[in-house]
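Listing of final.cif, mmCIF, C-alpha atoms and all ligand atoms
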```
data_coords
loop_
_atom_site.label_atom_id
_atom_site.label_comp_id
_atom_site.auth_asym_id
_atom_site.auth_seq_id
_atom_site.Cartn_x
_atom_site.Cartn_y
_atom_site.Cartn_z
CA MET C 1 -26.43 -33.44 135.39
CA PRO C 2 -24.61 -30.33 136.71
CA CYS C 3 -25.50 -29.12 140.20
CA SER C 4 -27.52 -25.96 140.78
CA PRO C 5 -25.65 -23.20 142.67
CA LEU C 6 -27.46 -24.15 145.86
CA GLU C 7 -26.67 -27.85 145.51
CA LEU C 8 -23.06 -26.99 144.83
CA ILE C 9 -22.82 -24.81 147.92
CA ASP C 10 -24.43 -27.53 150.01
CA LYS C 11 -21.91 -30.04 148.69
CA VAL C 12 -18.87 -27.87 149.39
CA LEU C 13 -20.04 -26.81 152.84
CA SER C 14 -20.39 -30.43 153.90
CA ALA C 15 -17.25 -31.74 152.14
CA SER C 16 -14.38 -33.50 153.94
CA GLY C 17 -11.01 -31.78 154.50
CA ASP C 18 -9.40 -33.51 151.49
CA GLU C 19 -12.27 -32.59 149.22
CA ILE C 20 -12.06 -28.96 150.33
CA SER C 21 -8.44 -28.72 149.12
CA ILE C 22 -9.57 -29.80 145.66
CA TYR C 23 -12.55 -27.42 145.70
CA ALA C 24 -10.22 -24.61 146.81
CA GLU C 25 -7.95 -25.23 143.82
CA ASP C 26 -10.97 -25.10 141.50
CA ALA C 27 -12.15 -21.87 143.16
CA ALA C 28 -8.68 -20.32 142.78
CA ALA C 29 -8.62 -21.30 139.10
CA LEU C 30 -12.00 -19.61 138.56
CA THR C 31 -10.81 -16.46 140.34
CA ARG C 32 -7.69 -16.41 138.12
CA GLN C 33 -9.81 -16.95 135.04
CA HIS C 34 -12.14 -14.02 135.81
CA PHE C 35 -9.87 -11.58 137.63
CA GLY C 36 -6.30 -12.64 136.80
CA ASN C 37 -3.91 -11.43 139.52
CA ARG C 38 -5.70 -8.09 139.87
CA ARG C 39 -7.31 -7.46 143.23
CA THR C 40 -9.43 -4.47 144.17
CA LEU C 41 -8.90 -2.45 147.33
CA PHE C 42 -11.88 -0.67 148.81
CA ASN C 43 -12.40 1.35 151.97
CA PRO C 44 -15.54 2.38 153.82
CA LEU C 45 -16.45 6.06 154.08
CA TYR C 46 -18.89 6.69 156.94
CA VAL C 47 -20.92 9.87 156.47
CA SER C 48 -23.05 9.67 159.64
CA ASN C 49 -23.13 7.67 162.87
CA VAL C 50 -26.55 8.96 163.95
CA CYS C 51 -28.80 5.93 164.26
CA VAL C 52 -32.30 5.22 165.55
CA ASN C 53 -31.67 1.45 165.61
CA ASP C 54 -30.18 -0.51 168.45
CA CYS C 55 -28.41 -3.47 166.86
CA SER C 56 -26.54 -5.20 169.66
CA TYR C 57 -23.43 -5.86 167.54
CA CYS C 58 -22.85 -2.25 166.50
CA GLY C 59 -21.03 0.67 168.10
CA TYR C 60 -23.44 3.14 166.49
CA ARG C 61 -26.47 1.65 168.27
CA ARG C 62 -28.69 4.27 169.90
CA SER C 63 -28.23 2.87 173.42
CA ASN C 64 -24.54 3.77 173.19
CA ARG C 65 -25.42 7.07 174.81
CA ASN C 66 -21.98 8.45 175.57
CA ALA C 67 -20.97 8.30 171.94
CA GLN C 68 -20.34 11.50 170.06
CA ARG C 69 -22.65 11.66 167.04
CA ARG C 70 -21.50 13.23 163.80
CA THR C 71 -22.75 13.73 160.27
CA LEU C 72 -20.38 14.96 157.62
CA THR C 73 -21.03 18.03 155.55
CA PRO C 74 -20.65 17.54 151.78
CA ALA C 75 -17.32 19.38 151.90
CA GLU C 76 -16.08 17.00 154.62
CA ALA C 77 -17.32 13.94 152.73
CA ALA C 78 -15.54 15.11 149.60
CA ALA C 79 -12.34 15.68 151.61
CA GLU C 80 -12.59 12.13 152.98
CA ALA C 81 -12.92 10.75 149.45
CA ARG C 82 -9.93 12.75 148.27
CA ALA C 83 -7.89 11.50 151.24
CA LEU C 84 -8.72 7.93 150.20
CA TYR C 85 -7.74 8.67 146.63
CA LYS C 86 -4.35 9.95 147.84
CA ARG C 87 -3.84 6.60 149.57
CA GLY C 88 -4.51 4.84 146.28
CA VAL C 89 -8.05 3.70 147.11
CA ARG C 90 -10.34 4.10 144.09
CA HIS C 91 -13.31 2.10 145.33
CA ILE C 92 -15.38 3.69 148.07
CA LEU C 93 -18.26 2.25 150.05
CA ILE C 94 -20.43 4.99 151.61
CA LEU C 95 -22.13 4.05 154.89
CA ALA C 96 -24.42 5.74 157.40
CA GLY C 97 -26.66 4.91 160.35
CA GLU C 98 -30.36 5.62 159.97
CA TYR C 99 -32.82 8.36 160.92
CA ALA C 100 -35.99 10.03 159.63
CA ILE C 101 -36.08 9.25 155.94
CA LYS C 102 -36.50 12.75 154.45
CA PRO C 103 -33.51 14.49 156.07
CA TYR C 104 -31.57 11.20 155.95
CA PHE C 105 -31.94 10.75 152.22
CA GLU C 106 -31.23 14.44 151.54
CA MET C 107 -28.03 14.16 153.60
CA LEU C 108 -27.04 11.00 151.77
CA LEU C 109 -27.67 12.47 148.34
CA ARG C 110 -25.76 15.67 149.11
CA ASN C 111 -22.78 13.64 150.26
CA VAL C 112 -22.91 11.18 147.34
CA ARG C 113 -23.00 14.10 144.90
CA ALA C 114 -20.13 15.89 146.62
CA ILE C 115 -18.01 12.73 146.52
CA ARG C 116 -18.86 12.05 142.88
CA GLU C 117 -18.22 15.62 141.77
CA THR C 118 -14.99 16.31 143.59
CA SER C 119 -13.16 13.01 143.79
CA ALA C 120 -11.95 10.61 141.13
CA ALA C 121 -13.38 7.48 142.76
CA ARG C 122 -13.77 4.75 140.15
CA TRP C 123 -16.51 2.88 141.99
CA LEU C 124 -19.06 4.09 144.50
CA GLY C 125 -21.08 1.70 146.58
CA VAL C 126 -23.72 2.65 149.12
CA GLU C 127 -24.56 0.58 152.20
CA VAL C 128 -27.20 2.42 154.18
CA ALA C 129 -30.73 1.99 155.54
CA SER C 130 -33.41 0.31 153.49
CA LEU C 131 -34.78 2.77 150.91
CA ASP C 132 -37.65 3.07 148.43
CA GLN C 133 -37.33 2.30 144.75
CA ASP C 134 -37.39 6.05 143.89
CA HIS C 135 -34.48 6.65 146.22
CA TYR C 136 -32.46 3.89 144.59
CA ALA C 137 -33.28 5.31 141.15
CA GLN C 138 -31.98 8.70 142.30
CA LEU C 139 -28.77 7.16 143.62
CA ALA C 140 -28.28 5.31 140.32
CA ALA C 141 -28.79 8.59 138.44
CA ASP C 142 -26.18 10.24 140.65
CA GLY C 143 -23.50 7.73 139.78
CA VAL C 144 -23.79 5.08 142.47
CA ASN C 145 -22.54 1.75 141.08
CA CYS C 146 -23.66 -0.66 143.75
CA ILE C 147 -26.20 -0.96 146.56
CA ALA C 148 -25.16 -3.25 149.38
CA MET C 149 -27.65 -4.51 151.94
CA PHE C 150 -26.50 -7.26 154.27
CA GLN C 151 -29.29 -9.32 155.75
CA GLU C 152 -26.95 -10.10 158.73
CA THR C 153 -28.78 -13.42 159.25
CA TYR C 154 -31.55 -15.11 157.28
CA ASP C 155 -32.82 -16.83 160.41
CA ARG C 156 -35.92 -14.83 161.33
CA ARG C 157 -35.76 -15.79 165.00
CA ALA C 158 -32.12 -14.82 165.37
CA TYR C 159 -32.81 -11.63 163.40
CA ARG C 160 -35.66 -10.74 165.78
CA SER C 161 -33.49 -11.28 168.83
CA LEU C 162 -30.79 -8.90 167.49
CA HIS C 163 -33.04 -6.05 166.42
CA SER C 164 -35.31 -4.29 168.89
CA CYS C 165 -38.99 -4.58 168.10
CA GLY C 166 -40.25 -1.38 166.49
CA ASP C 167 -36.85 -0.30 165.12
CA PRO C 168 -36.92 0.27 161.34
CA LYS C 169 -34.22 -2.34 160.88
CA ALA C 170 -36.31 -4.96 162.71
CA ASP C 171 -38.50 -5.34 159.60
CA PHE C 172 -36.87 -8.46 158.12
CA ASP C 173 -38.96 -8.52 154.93
CA ASN C 174 -38.42 -4.87 154.14
CA ARG C 175 -34.70 -5.43 154.42
CA TYR C 176 -34.82 -8.59 152.31
CA ASP C 177 -36.80 -6.78 149.59
CA SER C 178 -34.48 -3.75 149.45
CA LEU C 179 -32.19 -5.21 146.82
CA PHE C 180 -35.16 -6.16 144.63
CA ARG C 181 -36.26 -2.52 144.73
CA ALA C 182 -32.71 -1.43 143.91
CA VAL C 183 -32.55 -3.76 140.90
CA ARG C 184 -35.96 -2.55 139.64
CA ALA C 185 -34.66 1.01 140.02
CA GLY C 186 -31.82 0.28 137.58
CA ILE C 187 -28.94 -0.52 139.93
CA ARG C 188 -26.66 -2.98 138.14
CA GLU C 189 -24.62 -4.35 141.04
CA VAL C 190 -25.85 -5.45 144.46
CA GLY C 191 -23.98 -6.53 147.57
CA LEU C 192 -25.20 -9.31 149.84
CA GLY C 193 -23.76 -10.43 153.13
CA VAL C 194 -24.19 -12.42 156.28
CA LEU C 195 -22.69 -11.27 159.56
CA TYR C 196 -21.09 -14.60 160.36
CA GLY C 197 -21.34 -15.57 163.99
CA VAL C 198 -24.83 -14.31 164.74
CA GLY C 199 -26.75 -17.17 163.11
CA ASP C 200 -26.04 -20.61 161.70
CA TRP C 201 -23.32 -20.22 159.04
CA TYR C 202 -24.43 -23.21 157.00
CA SER C 203 -28.08 -22.28 156.55
CA ASP C 204 -27.28 -18.56 156.29
CA THR C 205 -24.90 -19.21 153.38
CA LEU C 206 -27.52 -21.27 151.55
CA ALA C 207 -30.15 -18.59 152.18
CA MET C 208 -27.85 -15.86 150.91
CA ALA C 209 -27.25 -17.88 147.73
CA GLU C 210 -30.99 -18.31 147.28
CA HIS C 211 -31.48 -14.56 147.75
CA ALA C 212 -28.88 -13.97 145.03
CA GLN C 213 -30.56 -16.37 142.66
CA LEU C 214 -33.92 -14.65 143.10
CA LEU C 215 -32.25 -11.31 142.36
CA LEU C 216 -30.72 -12.75 139.20
CA ARG C 217 -34.23 -13.63 138.03
CA GLU C 218 -35.01 -9.90 138.08
CA ASN C 219 -32.01 -9.11 135.91
CA THR C 220 -29.90 -11.92 134.49
CA SER C 221 -26.94 -9.60 133.86
CA LEU C 222 -26.93 -8.28 137.44
CA LYS C 223 -23.47 -8.13 139.03
CA LEU C 224 -23.27 -9.79 142.42
CA ARG C 225 -20.97 -8.95 145.27
CA PHE C 226 -20.80 -11.20 148.32
CA ALA C 227 -19.19 -10.05 151.56
CA PHE C 228 -18.11 -12.28 154.45
CA PRO C 229 -17.81 -10.19 157.61
CA ARG C 230 -17.67 -12.11 160.87
CA LEU C 231 -18.04 -11.05 164.46
CA MET C 232 -14.69 -11.12 166.17
CA GLU C 233 -13.84 -12.25 169.69
CA SER C 234 -12.37 -8.82 170.26
CA ASP C 235 -15.46 -6.91 169.14
CA PHE C 236 -16.77 -5.29 172.29
CA GLN C 237 -19.95 -4.66 170.37
CA SER C 238 -20.52 -8.34 169.75
CA ARG C 239 -21.38 -9.10 173.37
CA GLY C 240 -24.70 -10.86 173.41
CA ALA C 241 -24.90 -11.02 169.63
CA ARG C 242 -22.48 -13.85 168.99
CA SER C 243 -24.15 -17.24 168.93
CA GLN C 244 -21.56 -19.24 167.02
CA THR C 245 -17.83 -19.17 166.36
CA VAL C 246 -16.98 -19.12 162.68
CA THR C 247 -13.33 -20.07 162.34
CA GLU C 248 -11.01 -18.98 159.54
CA ASP C 249 -11.26 -22.48 158.03
CA ILE C 250 -15.04 -22.37 157.99
CA LEU C 251 -15.06 -18.89 156.48
CA PHE C 252 -12.62 -20.05 153.78
CA ARG C 253 -14.84 -23.02 153.00
CA ILE C 254 -17.83 -20.67 152.65
CA MET C 255 -15.92 -18.40 150.24
CA VAL C 256 -14.78 -21.37 148.17
CA ALA C 257 -18.38 -22.59 147.92
CA VAL C 258 -19.68 -19.18 146.84
CA ARG C 259 -16.90 -18.77 144.25
CA LEU C 260 -17.73 -22.15 142.71
CA ALA C 261 -21.47 -21.41 142.66
CA PHE C 262 -21.18 -17.82 141.36
CA PRO C 263 -17.88 -17.74 139.43
CA HIS C 264 -18.23 -14.19 138.04
CA SER C 265 -19.26 -12.53 141.27
CA SER C 266 -17.06 -10.32 143.42
CA LEU C 267 -16.06 -11.86 146.73
CA VAL C 268 -15.23 -9.31 149.40
CA LEU C 269 -13.21 -9.84 152.56
CA THR C 270 -13.08 -6.94 154.98
CA GLY C 271 -10.41 -5.37 157.15
CA ARG C 272 -11.86 -7.08 160.22
CA GLU C 273 -9.56 -9.97 159.30
CA SER C 274 -5.83 -10.21 159.94
CA SER C 275 -3.49 -9.28 157.11
CA ARG C 276 -2.16 -12.84 157.01
CA TYR C 277 -5.65 -14.28 156.54
CA LEU C 278 -6.58 -11.66 153.92
CA ARG C 279 -3.41 -12.54 152.01
CA ASP C 280 -4.04 -16.28 152.30
CA CYS C 281 -7.52 -15.76 150.81
CA LEU C 282 -6.40 -13.62 147.85
CA ALA C 283 -6.44 -16.69 145.62
CA VAL C 284 -10.22 -16.88 146.03
CA VAL C 285 -11.50 -13.38 146.89
CA ASN C 286 -11.03 -10.46 144.50
CA VAL C 287 -11.95 -7.46 146.69
CA VAL C 288 -10.34 -6.61 150.04
CA GLY C 289 -10.83 -3.86 152.55
CA LYS C 290 -7.62 -2.89 154.35
CA GLY C 291 -6.43 0.19 156.19
CA GLY C 292 -9.91 1.68 156.41
CA SER C 293 -11.72 3.46 159.22
CA THR C 294 -15.20 2.89 160.66
CA VAL C 295 -15.16 6.35 162.27
CA VAL C 296 -17.12 9.22 160.69
CA GLY C 297 -14.44 11.53 159.31
CA GLY C 298 -11.70 9.04 160.20
CA TYR C 299 -9.48 9.83 157.20
CA GLU C 300 -9.38 13.60 157.26
CA ALA C 301 -12.20 15.56 158.90
CA HIS C 302 -12.05 14.24 162.48
CA GLN C 303 -8.73 12.58 163.12
CA ASP C 304 -8.76 13.37 166.82
CA GLY C 305 -8.63 9.68 167.73
CA ASN C 306 -11.82 9.97 169.81
CA GLY C 307 -14.20 9.01 167.07
CA LEU C 308 -16.85 6.36 167.59
CA GLU C 309 -16.08 3.14 165.72
CA GLN C 310 -18.92 1.11 164.24
CA PHE C 311 -16.76 -1.94 164.87
CA SER C 312 -13.05 -2.60 165.18
CA LEU C 313 -10.81 -3.23 162.21
CA ASN C 314 -7.57 -5.16 162.34
CA THR C 315 -4.66 -2.73 162.32
CA ASP C 316 -1.81 -5.24 162.16
CA GLN C 317 -0.54 -3.74 158.89
CA SER C 318 -0.99 -0.45 157.08
CA LEU C 319 -2.60 -0.39 153.66
CA GLU C 320 0.81 0.17 152.09
CA GLU C 321 2.42 -2.74 153.95
CA PHE C 322 -0.45 -5.00 152.96
CA ARG C 323 -0.26 -3.91 149.34
CA ARG C 324 3.49 -4.58 149.21
CA ALA C 325 3.09 -8.01 150.83
CA GLY C 326 0.35 -8.91 148.34
CA MET C 327 2.55 -7.83 145.45
CA ASN C 328 5.31 -10.09 146.76
CA HIS C 329 2.79 -12.91 146.41
CA GLY C 330 2.14 -12.04 142.78
CA PHE C 331 -0.98 -9.86 143.12
CA PHE C 332 -1.46 -6.27 142.05
CA PHE C 333 -4.10 -3.90 143.33
CA ASN C 334 -6.34 -1.29 141.80
S1 LIG K 401 -25.84 -1.81 162.33
FE1 LIG K 401 -26.59 -0.05 161.15
S2 LIG K 401 -28.73 0.13 161.75
FE2 LIG K 401 -27.76 -1.13 163.33
S3 LIG K 401 -27.15 0.30 164.97
FE3 LIG K 401 -25.42 0.04 163.55
S4 LIG K 401 -25.58 1.73 162.08
FE4 LIG K 401 -27.57 1.52 163.10
#
```
As structure tokens - that is how I would like this structure written.
Amino acid sequence: MPCSPLELIDKVLSASGDEISIYAEDAAALTRQHFGNRRTLFNPLYVSNVCVNDCSYCGYRRSNRNAQRRTLTPAEAAAEARALYKRGVRHILILAGEYAIKPYFEMLLRNVRAIRETSAARWLGVEVASLDQDHYAQLAADGVNCIAMFQETYDRRAYRSLHSCGDPKADFDNRYDSLFRAVRAGIREVGLGVLYGVGDWYSDTLAMAEHAQLLLRENTSLKLRFAFPRLMESDFQSRGARSQTVTEDILFRIMVAVRLAFPHSSLVLTGRESSRYLRDCLAVVNVVGKGGSTVVGGYEAHQDGNGLEQFSLNTDQSLEEFRRAGMNHGFFFN
């Protein structure tokens, strides 16, 4: 009898080194089958770093009092999107901190509309605070393709220790349910993720897969997107948040497991990773973030170099250098 996705993930995560090589070949074959040699480049576009939460792993946390806070105007957001387009990036993920819901959602909507109307982005994702079903329906109506909501960790105790009691983000269940509301609102693609390093990678991966399966019950044709960010040694923000080291090998094993369990899904590796590692993983992942900025206005509006980063990205290669190196390995990017 074939394994369920969860059984398969469990099997791959606990496999021996030799078995992993075979699983990796199978995962690469599935990626080739579904995506060929085409890989998608995306970049984040931060529209606001104002945040009422105090997540210990994040540069935008409210206790970071010396930080300069900024929110883009629609004209600035549109200029950012056009700057990305000029660099050849057609897939944009819009991000923001969190504040009082009414002005927050109005700001978000104004910026989403400005980006949609004035740029030629092919895909727009939104990764922001947890919203109501009506909000998600409005975003879907305004051309948003995907809602991403990373649980960070599925371990309630670890989650509680990272998020200050009383902060909106501290509500684990509300966060968990966000993607269900998005799907009921008509969103056709959702993004899930674990912030690897803050909890137990093994159980978090299984819990993320279970979350995905429950979402698929809501809509069997739902597109899934899994991201695999991990806290880096160099992240000054990660002090106190990091409970476990997730090595490159472990992260690769996790991605192989998820590819085998959810063959059609998009697997996303972010620009936190080195260019070499991103390139090595291109056989299994189909979406990569490279050359982006986690600063509000970091592409065009506020390039003064003093902007507040949400977290640090790896700058070992430019987007163009990375693209060329990938092409030398037989991949092309859209
Ligand atoms: S992770 Fe998000 S919610 Fe938490 S402090 Fe950073 S921007 Fe705010």
> Quick one: residues within 8 Å of Ala283 in chain C, only C-alpha atoms counted, chain neighbours fewer than 5 positions away excluded, as a count of residues only?
Replying inline: 3
> Pick from C:Val194, C:Cys55, C:Met255, C:Ala83: nearest to ligand LIG 401 (chain K), with all atoms listed in the file counted?
Replying inline: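 Under the stated criterion, the closest residue is C:Cys55.
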> Would you name the residues within 7 Å of ligand LIG 401 (chain K), counting all atoms listed in the file, and put them as a PyMOL selection string?
Replying inline: chain C and resi 49+51-55+58-62+96-98+129+169+310
> Please, what distance in Å, to one decimal, runs between CA of Ala15 in chain C and CA of Ala257 in chain C?
Replying inline: 10.1 Å
>> Need the shell around His34 in chain C: protein/DNA/RNA residues with any atom at most 12 Å away, counting all atoms listed in the file. Skip same-chain ones fewer than 4 positions apart. Format as JSON, numbers by chain?
In response: {"C": [27, 28, 29, 30, 38, 39, 259, 262, 263, 264, 265, 266, 267, 283, 284, 285, 286]}
>> With distances taken over only C-alpha atoms, which residue among C:Cys146, C:Gln33, C:Ile9, C:Asn66 lies nearest Gly307 in chain C?
In response: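 Of all the options, C:Asn66 lies closest to Gly307 in chain C.
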>> Could you check the closest approach to Leu72 in chain C for each of C:Gly193, C:Ala209, C:Gly297, C:Thr315 and tell me which residue wins, using all atoms listed in the file?
In response: C:Gly297
